[in-house]
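Undergrad: File follows, run-v8.tsv with TSV, C-alpha atoms and all ligand atoms:
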```
chain	number	residue	atom	x	y	z
A	1	MET	CA	0.00	0.00	0.00
A	2	SER	CA	1.10	3.51	-0.75
A	3	LYS	CA	2.43	5.59	2.09
A	4	ASP	CA	2.48	9.01	0.50
A	5	THR	CA	1.56	11.80	2.87
A	6	ILE	CA	-1.34	14.06	1.98
A	7	LEU	CA	-2.14	17.33	3.74
A	8	VAL	CA	-5.90	17.85	3.67
A	9	VAL	CA	-6.62	21.49	4.32
A	10	GLY	CA	-10.22	21.81	5.43
A	11	GLY	CA	-10.40	18.12	6.32
A	12	ALA	CA	-12.93	18.78	9.10
A	13	GLY	CA	-15.56	19.97	6.66
A	14	TYR	CA	-18.22	18.10	4.75
A	15	ILE	CA	-16.33	17.07	1.60
A	16	GLY	CA	-12.90	17.18	3.25
A	17	SER	CA	-13.90	14.69	5.95
A	18	HIS	CA	-15.08	12.17	3.33
A	19	MET	CA	-11.80	12.65	1.47
A	20	VAL	CA	-9.81	12.05	4.64
A	21	LYS	CA	-11.67	8.81	5.34
A	22	MET	CA	-11.11	7.54	1.79
A	23	LEU	CA	-7.39	8.46	1.74
A	24	ASP	CA	-6.91	6.76	5.10
A	25	GLU	CA	-8.69	3.61	3.86
A	26	LYS	CA	-6.45	3.60	0.78
A	27	GLY	CA	-3.36	3.57	2.97
A	28	TYR	CA	-2.18	7.16	2.64
A	29	ASN	CA	-0.78	9.07	5.59
A	30	VAL	CA	-3.27	11.84	6.13
A	31	ILE	CA	-2.72	15.08	7.99
A	32	VAL	CA	-5.76	17.27	8.53
A	33	TYR	CA	-5.18	21.02	8.79
A	34	ASP	CA	-8.31	22.96	9.66
A	35	ASN	CA	-9.14	26.06	11.71
A	36	LEU	CA	-12.58	24.65	12.62
A	37	SER	CA	-14.25	27.89	11.56
A	38	THR	CA	-16.86	25.92	9.63
A	39	GLY	CA	-15.62	22.37	10.17
A	40	PHE	CA	-16.21	20.02	13.10
A	41	GLU	CA	-13.63	18.02	14.97
A	42	ASP	CA	-15.97	15.05	15.29
A	43	LEU	CA	-15.95	14.66	11.49
A	44	ILE	CA	-12.22	13.93	11.48
A	45	LEU	CA	-11.80	10.16	11.47
A	46	VAL	CA	-7.97	10.12	11.59
A	47	ASP	CA	-5.61	10.93	14.47
A	48	ASN	CA	-3.34	13.41	12.79
A	49	PHE	CA	-5.11	16.74	13.18
A	50	ILE	CA	-3.47	20.16	13.33
A	51	LYS	CA	-5.70	23.06	14.25
A	52	GLY	CA	-4.52	25.95	12.14
A	53	ASP	CA	-5.44	28.62	9.65
A	54	ILE	CA	-3.99	28.77	6.15
A	55	ALA	CA	-3.47	32.50	6.72
A	56	ASN	CA	-0.89	31.48	9.34
A	57	THR	CA	2.17	31.07	7.12
A	58	ARG	CA	4.48	30.37	10.06
A	59	LYS	CA	2.37	27.46	11.14
A	60	LEU	CA	2.18	26.17	7.59
A	61	ASP	CA	5.97	26.41	7.30
A	62	LYS	CA	6.27	24.33	10.45
A	63	VAL	CA	3.86	21.68	9.12
A	64	PHE	CA	5.71	21.51	5.81
A	65	SER	CA	9.12	21.37	7.52
A	66	GLU	CA	8.17	18.67	10.00
A	67	ASN	CA	6.34	16.37	7.59
A	68	ASP	CA	7.32	14.90	4.28
A	69	ILE	CA	4.19	16.01	2.43
A	70	ASP	CA	3.66	14.79	-1.12
A	71	ALA	CA	0.47	16.61	-2.06
A	72	VAL	CA	-1.98	19.14	-0.70
A	73	MET	CA	-5.74	18.94	-1.11
A	74	HIS	CA	-7.62	22.13	-0.44
A	75	PHE	CA	-11.19	22.15	0.93
A	76	ALA	CA	-10.94	25.15	3.23
A	77	ALA	CA	-13.10	27.64	1.36
A	78	PHE	CA	-16.22	29.54	2.30
A	79	THR	CA	-19.02	28.30	0.08
A	80	GLN	CA	-22.20	30.31	0.59
A	81	VAL	CA	-23.15	32.23	-2.51
A	82	GLY	CA	-25.51	34.65	-0.74
A	83	GLU	CA	-22.97	35.47	1.95
A	84	SER	CA	-20.27	36.01	-0.69
A	85	MET	CA	-22.40	38.74	-2.26
A	86	LYS	CA	-23.02	40.46	1.07
A	87	ASN	CA	-19.47	40.11	2.39
A	88	PRO	CA	-17.04	39.80	-0.54
A	89	GLN	CA	-14.11	40.82	1.64
A	90	LYS	CA	-14.46	37.63	3.68
A	91	TYR	CA	-14.47	35.55	0.47
A	92	TYR	CA	-11.58	37.24	-1.31
A	93	LYS	CA	-9.49	36.98	1.85
A	94	ASN	CA	-10.03	33.32	2.59
A	95	ASN	CA	-10.77	31.85	-0.82
A	96	VAL	CA	-8.12	33.79	-2.76
A	97	VAL	CA	-5.51	35.52	-0.56
A	98	ASN	CA	-5.15	32.60	1.84
A	99	VAL	CA	-4.92	30.06	-0.98
A	100	TYR	CA	-2.25	32.23	-2.60
A	101	LYS	CA	-0.34	32.13	0.69
A	102	LEU	CA	-0.72	28.37	0.91
A	103	LEU	CA	0.55	27.91	-2.64
A	104	ASN	CA	3.57	30.08	-1.93
A	105	ARG	CA	4.42	28.02	1.15
A	106	MET	CA	4.12	24.89	-1.00
A	107	LEU	CA	6.55	26.31	-3.54
A	108	LYS	CA	8.99	27.21	-0.79
A	109	HIS	CA	8.93	23.62	0.46
A	110	ASP	CA	9.03	22.06	-3.02
A	111	ILE	CA	5.60	20.45	-2.81
A	112	GLU	CA	4.53	19.87	-6.37
A	113	TYR	CA	0.96	18.62	-6.31
A	114	PHE	CA	-2.23	20.50	-5.49
A	115	ILE	CA	-5.84	19.35	-5.73
A	116	PHE	CA	-8.24	22.26	-5.75
A	117	SER	CA	-11.98	22.32	-5.00
A	118	SER	CA	-13.37	24.52	-7.70
A	119	SER	CA	-17.03	24.88	-8.53
A	120	ALA	CA	-19.67	24.90	-11.26
A	121	ALA	CA	-20.20	28.48	-10.03
A	122	VAL	CA	-17.30	29.53	-12.31
A	123	TYR	CA	-19.61	29.08	-15.31
A	124	GLY	CA	-22.32	31.49	-14.15
A	125	GLU	CA	-25.25	31.09	-16.54
A	126	PRO	CA	-23.68	28.86	-19.18
A	127	GLU	CA	-24.60	29.28	-22.81
A	128	SER	CA	-25.23	25.56	-23.28
A	129	ILE	CA	-26.20	22.52	-21.20
A	130	PRO	CA	-24.64	20.09	-20.35
A	131	ILE	CA	-21.68	22.20	-19.36
A	132	ARG	CA	-18.31	21.28	-20.83
A	133	GLU	CA	-15.00	22.40	-19.37
A	134	TYR	CA	-14.07	24.54	-22.35
A	135	LEU	CA	-17.14	26.80	-22.04
A	136	PRO	CA	-16.20	30.33	-21.02
A	137	ARG	CA	-16.11	31.06	-17.33
A	138	ASN	CA	-18.44	33.86	-16.43
A	139	PRO	CA	-19.21	33.72	-12.69
A	140	ILE	CA	-22.24	35.71	-11.57
A	141	ASN	CA	-21.42	35.75	-7.86
A	142	THR	CA	-18.40	36.52	-5.69
A	143	TYR	CA	-18.02	32.90	-4.62
A	144	GLY	CA	-17.68	31.79	-8.24
A	145	LYS	CA	-15.25	34.63	-8.94
A	146	THR	CA	-12.96	33.53	-6.10
A	147	LYS	CA	-12.84	30.02	-7.55
A	148	ALA	CA	-12.07	31.32	-11.05
A	149	MET	CA	-9.29	33.53	-9.65
A	150	VAL	CA	-7.55	30.62	-7.98
A	151	GLU	CA	-7.85	28.60	-11.19
A	152	ASP	CA	-6.01	31.46	-12.94
A	153	ILE	CA	-3.29	31.53	-10.28
A	154	LEU	CA	-2.84	27.78	-10.67
A	155	GLU	CA	-2.48	28.03	-14.41
A	156	ASP	CA	0.29	30.61	-14.03
A	157	TYR	CA	2.01	28.73	-11.22
A	158	ASP	CA	2.08	25.58	-13.30
A	159	ARG	CA	3.58	27.41	-16.27
A	160	ALA	CA	6.13	29.36	-14.24
A	161	TYR	CA	6.94	27.04	-11.32
A	162	ASP	CA	5.78	23.63	-12.53
A	163	LEU	CA	3.18	23.27	-9.78
A	164	LYS	CA	0.96	20.40	-10.92
A	165	TYR	CA	-2.72	20.72	-10.08
A	166	SER	CA	-6.21	19.48	-10.75
A	167	SER	CA	-9.09	21.94	-10.51
A	168	LEU	CA	-12.23	20.01	-9.77
A	169	ARG	CA	-15.40	21.87	-10.57
A	170	TYR	CA	-18.06	20.37	-8.34
A	171	PHE	CA	-21.70	20.45	-9.18
A	172	ASN	CA	-24.06	19.82	-6.22
A	173	ALA	CA	-22.31	17.72	-3.59
A	174	ALA	CA	-24.77	15.70	-1.52
A	175	GLY	CA	-25.23	12.45	0.41
A	176	ALA	CA	-23.17	10.95	3.21
A	177	ASP	CA	-20.80	8.09	3.88
A	178	GLU	CA	-22.59	4.73	4.25
A	179	SER	CA	-21.18	4.41	7.78
A	180	SER	CA	-23.20	7.50	8.83
A	181	LYS	CA	-20.18	8.51	10.91
A	182	ILE	CA	-19.69	11.56	8.70
A	183	GLY	CA	-22.10	13.54	6.58
A	184	GLU	CA	-23.28	16.98	5.61
A	185	LYS	CA	-23.14	19.35	8.53
A	186	HIS	CA	-23.25	23.09	8.04
A	187	ASP	CA	-24.15	25.83	10.44
A	188	PRO	CA	-26.24	27.50	9.18
A	189	GLU	CA	-27.53	24.94	6.66
A	190	THR	CA	-28.53	26.42	3.31
A	191	HIS	CA	-28.49	23.43	0.93
A	192	LEU	CA	-31.60	21.84	-0.46
A	193	ILE	CA	-31.25	18.13	0.41
A	194	PRO	CA	-30.25	18.59	4.08
A	195	LEU	CA	-32.98	21.21	4.54
A	196	VAL	CA	-35.58	18.89	3.00
A	197	LEU	CA	-34.50	16.03	5.29
A	198	LYS	CA	-34.49	18.27	8.35
A	199	THR	CA	-38.06	19.18	7.44
A	200	ALA	CA	-38.92	15.47	7.26
A	201	LEU	CA	-37.41	15.12	10.74
A	202	ASN	CA	-39.60	17.96	11.94
A	203	GLU	CA	-36.57	20.10	12.75
A	204	ARG	CA	-38.03	22.67	10.40
A	205	GLU	CA	-41.64	23.56	9.90
A	206	LYS	CA	-41.58	23.50	6.08
A	207	ILE	CA	-39.37	23.61	3.02
A	208	TYR	CA	-39.52	26.64	0.76
A	209	ILE	CA	-39.12	26.26	-3.00
A	210	PHE	CA	-37.08	29.23	-4.16
A	211	GLY	CA	-38.68	30.14	-7.49
A	212	THR	CA	-41.38	28.34	-9.45
A	213	ASP	CA	-41.32	30.49	-12.59
A	214	TYR	CA	-38.04	29.35	-14.16
A	215	LYS	CA	-38.11	28.14	-17.76
A	216	THR	CA	-37.70	24.51	-16.74
A	217	LYS	CA	-40.05	21.53	-16.98
A	218	ASP	CA	-41.78	22.24	-13.65
A	219	GLY	CA	-40.71	25.86	-13.10
A	220	THR	CA	-38.11	25.06	-10.43
A	221	CYS	CA	-34.30	25.07	-10.70
A	222	ILE	CA	-32.49	22.03	-11.99
A	223	ARG	CA	-29.23	20.84	-10.45
A	224	ASP	CA	-26.81	17.96	-10.93
A	225	TYR	CA	-26.40	16.16	-7.58
A	226	ILE	CA	-23.26	14.14	-7.05
A	227	HIS	CA	-22.49	11.90	-4.08
A	228	VAL	CA	-19.74	13.14	-1.79
A	229	ASN	CA	-17.87	9.81	-1.99
A	230	ASP	CA	-17.98	9.94	-5.79
A	231	LEU	CA	-16.39	13.38	-5.48
A	232	ALA	CA	-13.77	11.98	-3.13
A	233	SER	CA	-12.92	9.12	-5.51
A	234	ALA	CA	-12.42	11.65	-8.33
A	235	HIS	CA	-9.97	13.58	-6.14
A	236	LEU	CA	-8.04	10.44	-5.44
A	237	LYS	CA	-7.82	9.57	-9.12
A	238	ALA	CA	-6.88	13.14	-10.05
A	239	MET	CA	-4.06	13.12	-7.51
A	240	GLU	CA	-2.75	9.71	-8.53
A	241	ARG	CA	-2.80	10.83	-12.15
A	242	LEU	CA	-0.57	13.78	-11.27
A	243	PHE	CA	1.76	11.45	-9.36
A	244	GLU	CA	2.10	9.47	-12.61
A	245	GLY	CA	3.46	12.59	-14.30
A	246	GLU	CA	0.35	13.68	-16.21
A	247	SER	CA	-0.49	17.31	-16.90
A	248	SER	CA	-2.52	19.75	-14.83
A	249	GLU	CA	-6.20	19.73	-15.83
A	250	VAL	CA	-9.61	21.13	-15.02
A	251	PHE	CA	-12.45	18.62	-14.56
A	252	ASN	CA	-16.19	18.91	-14.13
A	253	LEU	CA	-17.50	16.57	-11.46
A	254	GLY	CA	-21.18	15.85	-11.83
A	255	SER	CA	-23.49	13.00	-12.74
A	256	GLY	CA	-24.70	14.39	-16.06
A	257	LYS	CA	-28.30	14.17	-14.83
A	258	GLY	CA	-30.41	17.06	-13.62
A	259	TYR	CA	-33.23	17.05	-11.07
A	260	SER	CA	-35.60	19.88	-10.25
A	261	VAL	CA	-36.25	21.15	-6.74
A	262	ARG	CA	-39.73	19.62	-6.89
A	263	GLU	CA	-38.28	16.25	-7.94
A	264	ILE	CA	-35.86	16.30	-5.00
A	265	ILE	CA	-38.70	17.02	-2.61
A	266	GLU	CA	-40.87	14.24	-4.08
A	267	LYS	CA	-38.03	11.68	-4.03
A	268	SER	CA	-37.26	12.63	-0.43
A	269	LYS	CA	-40.88	12.12	0.56
A	270	GLN	CA	-40.79	8.66	-1.06
A	271	ILE	CA	-37.49	7.60	0.51
A	272	THR	CA	-38.27	8.88	4.01
A	273	GLY	CA	-41.93	7.82	3.85
A	274	ILE	CA	-42.77	11.14	5.48
A	275	ASP	CA	-45.01	13.85	4.09
A	276	PHE	CA	-44.10	17.40	5.03
A	277	GLU	CA	-45.14	20.93	4.25
A	278	VAL	CA	-43.81	22.63	1.13
A	279	GLU	CA	-44.26	26.31	0.37
A	280	GLU	CA	-43.58	28.08	-2.91
A	281	ALA	CA	-41.48	31.20	-2.43
A	282	GLY	CA	-39.71	33.79	-4.57
A	283	ARG	CA	-36.44	33.23	-6.41
A	284	ARG	CA	-33.17	33.25	-4.49
A	285	PRO	CA	-30.83	35.85	-6.04
A	286	GLY	CA	-27.85	34.43	-7.93
A	287	ASP	CA	-29.46	31.07	-8.79
A	288	PRO	CA	-28.90	29.93	-12.39
A	289	PRO	CA	-31.98	28.02	-13.67
A	290	VAL	CA	-30.12	24.89	-14.85
A	291	LEU	CA	-26.68	23.45	-14.02
A	292	ILE	CA	-25.86	20.02	-15.42
A	293	ALA	CA	-22.33	18.75	-15.94
A	294	GLU	CA	-20.81	16.97	-18.83
A	295	SER	CA	-18.24	14.85	-16.97
A	296	LYS	CA	-16.85	12.82	-19.85
A	297	LYS	CA	-13.42	14.35	-19.45
A	298	ALA	CA	-13.15	13.02	-15.89
A	299	ASP	CA	-14.60	9.66	-17.00
A	300	MET	CA	-12.02	9.33	-19.74
A	301	LEU	CA	-8.85	10.87	-18.30
A	302	LEU	CA	-9.37	9.74	-14.71
A	303	GLY	CA	-11.27	6.52	-15.34
A	304	TRP	CA	-13.82	7.94	-12.92
A	305	GLN	CA	-16.91	5.83	-12.28
A	306	ARG	CA	-19.76	7.11	-10.20
A	307	LYS	CA	-21.26	4.58	-7.83
A	308	TYR	CA	-24.19	6.46	-6.34
A	309	SER	CA	-27.59	7.31	-7.83
A	310	LEU	CA	-29.89	10.10	-6.65
A	311	GLU	CA	-31.74	7.50	-4.54
A	312	ASP	CA	-28.43	6.54	-2.90
A	313	ILE	CA	-27.66	10.21	-2.26
A	314	ILE	CA	-30.95	10.82	-0.49
A	315	ARG	CA	-30.87	7.45	1.31
A	316	THR	CA	-27.37	7.97	2.74
A	317	ALA	CA	-28.12	11.60	3.62
A	318	TRP	CA	-31.30	10.43	5.37
A	319	GLN	CA	-29.38	7.80	7.40
A	320	TRP	CA	-26.90	10.48	8.47
A	321	HIS	CA	-29.56	13.04	9.39
A	322	LYS	CA	-31.57	10.50	11.38
A	323	ARG	CA	-28.46	9.55	13.30
A	324	ASN	CA	-27.57	13.18	13.95
A	325	GLN	CA	-31.06	14.33	14.70
A	326	ARG	CA	-31.37	17.30	17.01
A	327	SER	CA	-32.66	15.90	20.27
B	1	LIG	N1	-33.39	25.61	-2.80
B	1	LIG	C1	-34.74	25.72	-2.46
B	1	LIG	N2	-35.06	25.77	-1.13
B	1	LIG	C2	-34.12	25.73	-0.13
B	1	LIG	C3	-32.75	25.60	-0.51
B	1	LIG	C4	-32.43	25.55	-1.86
B	1	LIG	O1	-35.63	25.79	-3.31
B	1	LIG	O2	-34.48	25.80	1.05
B	1	LIG	C5	-33.05	25.54	-4.23
B	1	LIG	C6	-32.05	26.59	-4.68
B	1	LIG	O3	-32.72	27.79	-5.01
B	1	LIG	C7	-31.40	25.90	-5.87
B	1	LIG	C8	-31.43	24.42	-5.50
B	1	LIG	O4	-32.41	24.29	-4.46
B	1	LIG	O5	-32.16	26.09	-7.03
B	1	LIG	C9	-30.10	23.90	-4.97
B	1	LIG	O6	-29.66	24.80	-3.97
B	1	LIG	P1	-28.44	24.50	-3.02
B	1	LIG	O7	-28.30	25.66	-2.08
B	1	LIG	O8	-28.60	23.15	-2.40
B	1	LIG	O9	-27.19	24.39	-3.99
B	1	LIG	P2	-26.59	25.45	-5.07
B	1	LIG	O10	-27.09	24.97	-6.39
B	1	LIG	O11	-27.02	26.83	-4.71
B	1	LIG	O12	-25.12	25.24	-4.94
```
Any chance you could give the structure as structure tokens?

TA:
Amino acid sequence: MSKDTILVVGGAGYIGSHMVKMLDEKGYNVIVYDNLSTGFEDLILVDNFIKGDIANTRKLDKVFSENDIDAVMHFAAFTQVGESMKNPQKYYKNNVVNVYKLLNRMLKHDIEYFIFSSSAAVYGEPESIPIREYLPRNPINTYGKTKAMVEDILEDYDRAYDLKYSSLRYFNAAGADESSKIGEKHDPETHLIPLVLKTALNEREKIYIFGTDYKTKDGTCIRDYIHVNDLASAHLKAMERLFEGESSEVFNLGSGKGYSVREIIEKSKQITGIDFEVEEAGRRPGDPPVLIAESKKADMLLGWQRKYSLEDIIRTAWQWHKRNQRS
């Protein structure tokens, strides 16, 4: 088994914690670096945890000096679109300036490989669906702009300093590990599937549908939901591909299938067996009507195979939410 050492920055968060578990199971040495600003210590399933901020370059230098790190995976970004519009300073600082600092520390310590959590938000309102990687990036919110900026930095750092990276543009991450030991936990929660399931658990009175007048089949927004462990397996493959000497690339990570908000609510009612109150509300600013990935590039270059269907996503998320029910 491989014994490369991977620093997972943001490993106490939702996607990071699933990545940490998978890397550990594959035999990698995993070090989690997280400031716990939005992550949770109980989601870290490995022993090697360093509480720290990526803005703290001295601490990063210490981590890089004391450990023989082969690659860095970055999950430590703020991710709320609405908040990014209200408080862009917070987003540019953490999602751009701090990543720039991290990359510079990596260069100083000769760490060559970087796996970056990018987002479908870089596309904005794409001119065609499904979205292919070569479509122009045109983010319509600050969050998406921060992701596009880091992608640009990476491109230049690869050219100038030979830093090898994969930018992984996630569509809608959802679901939980089958063990139910880790899962989606945000405070506050803003995402559709966890909010729907919390409504089924009676932790919320009702679920609001944000916009019913979109030009889609049932008037509600369509998204491409991808299981968090499928995302993690793509990261693993992207990293191993770089280790084999392949070039830096950008990949979409989605399922290629789109589901409307109403469909998610209906499927959740079926899977949980619980009926709950749904209310139609106005549009949420910054929401593109349809986002569906074309992920053939990841399928072909990474040999990526998705294991989880939408039913699996809702089922595993439901198991996790039941287990972590507010008492
Ligand atoms: N959404 C909704 N009600 C909610 C939360 C989300 O109708 O309580 C909609 C949202 O407007 C979007 C879709 O569900 O069209 C997915 O939203 P989410 O925040 O989960 O992910 P995003 O696509 O914004 O990354």

Undergrad: Using all atoms listed in the file, pick whichever of A:Leu301, A:Leu236, A:Leu192, A:Ala200 has the shortest atom-to-atom distance to ligand LIG 1 (chain B).

TA: A:Leu192

Undergrad: Which is closer to Asp177 in chain A than all the others in A:Glu240, A:Asp61, A:Glu112, A:Asp230, using all atoms listed in the file?

TA: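 Checking each candidate against Asp177 in chain A, we get A:Asp230 as the closest.
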
Undergrad: List every residue of range 164-242 of chain A that has an atom at most 10 Å from any atom of range 261-269 of chain A, giving for each one its closest atom pair and the distance in Å to one decimal, counting all atoms listed in the file, sorted by chain and then by ascending residue number, as a Markdown table.

TA:
```
| residue | atom | partner | partner_atom | distance |
| --- | --- | --- | --- | --- |
| A:Leu192 | CA | A:Val261 | CA | 7.8 |
| A:Ile193 | CA | A:Ile264 | CA | 7.3 |
| A:Val196 | CA | A:Ile265 | CA | 6.7 |
| A:Leu197 | CA | A:Ser268 | CA | 7.2 |
| A:Ala200 | CA | A:Lys269 | CA | 7.7 |
| A:Ile207 | CA | A:Ile265 | CA | 8.7 |
| A:Tyr208 | CA | A:Val261 | CA | 9.9 |
| A:Ile209 | CA | A:Val261 | CA | 7.0 |
| A:Phe210 | CA | A:Val261 | CA | 8.5 |
| A:Gly211 | CA | A:Val261 | CA | 9.3 |
| A:Thr212 | CA | A:Arg262 | CA | 9.2 |
| A:Asp218 | CA | A:Arg262 | CA | 7.5 |
| A:Gly219 | CA | A:Arg262 | CA | 8.9 |
| A:Thr220 | CA | A:Val261 | CA | 5.7 |
| A:Cys221 | CA | A:Val261 | CA | 5.9 |
| A:Ile222 | CA | A:Val261 | CA | 6.5 |
| A:Arg223 | CA | A:Val261 | CA | 7.9 |
| A:Tyr225 | CA | A:Ile264 | CA | 9.8 |
```

Undergrad: Edge lengths and centre in Å to one decimal, as AutoDock Vina command-line options, is what I'm after for the box along x, y and z that holds all listed atoms of ligand LIG 1 (chain B) once 3 Å is added on each side.

TA:
```
--center_x -30.4 --center_y 25.5 --center_z -3.0 --size_x 16.5 --size_y 10.6 --size_z 14.1
```

Undergrad: Choose the residue, out of A:Asp156, A:Asp275, A:Asp110, A:Glu83, that has the smallest atom-to-atom separation from ligand LIG 1 (chain B); count only C-alpha atoms and all ligand atoms.

TA: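 Checking each candidate against ligand LIG 1 (chain B), we get A:Glu83 as the closest.
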
Undergrad: Interatomic distance between atom O8 of ligand LIG 1 (chain B) and CA of Ile131 in chain A?

TA: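 The value is 18.3 Å.
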
Undergrad: May I ask which of the residues A:Met239, A:Val122, A:Val81, A:Val250 is the closest one to ligand LIG 1 (chain B), counting all atoms listed in the file?

TA: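 Using all atoms listed in the file, ligand LIG 1 (chain B) sits closest to A:Val81.
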
Undergrad: Of the candidates A:Arg58, A:Arg284, A:Ser167, A:Ser117, which one gets nearest to Glu249 in chain A if we count only C-alpha atoms?

TA: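 Answer, going by the shortest atom-to-atom distance: A:Ser167.
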
Undergrad: Set the distance at 6 Å and use all atoms listed in the file: which residues neighbour Phe171 in chain A once local chain neighbours fewer than 5 positions away are removed? I'd like the list as a ChimeraX atom specification.

TA: /A:120,224,254

Undergrad: Excluding Trp320 in chain A and any residue of its chain fewer than 3 positions from it, enumerate the residues within 7 Å of it, using only C-alpha atoms, and give them as JSON, numbers by chain.

TA: {"A": [176, 180, 183, 316, 317, 323, 324]}

Undergrad: Within 9 Å of Asp312 in chain A, counting only C-alpha atoms, which residues show up once you throw out same-chain ones fewer than 5 positions away? Write them as a PDB file with C-alpha atoms, in the frame of the given file, please.

TA:
```
ATOM      1  CA  GLY A 175     -25.230  12.450   0.410  1.00  0.00           C
ATOM      2  CA  HIS A 227     -22.490  11.900  -4.080  1.00  0.00           C
ATOM      3  CA  LYS A 307     -21.260   4.580  -7.830  1.00  0.00           C
ATOM      4  CA  ALA A 317     -28.120  11.600   3.620  1.00  0.00           C
TER       5      ALA A 317
END
```

Undergrad: Using all atoms listed in the file, which residue out of A:Leu310, A:Leu201, A:Ile271, A:Ile15 lies closest to Ala232 in chain A?

TA: A:Ile15

Undergrad: Please provide the set of residues having any atom within 7 Å of range 88-94 of chain A, restricted to all atoms listed in the file, with same-chain residues fewer than 6 positions apart removed, written as an NGL selection string.

TA: :A and (77-78 or 142-143 or 146)

Undergrad: Report the distance between CA of Asp187 in chain A and CA of Tyr14 in chain A in Å, rounded to one decimal place.

TA: 11.3 Å
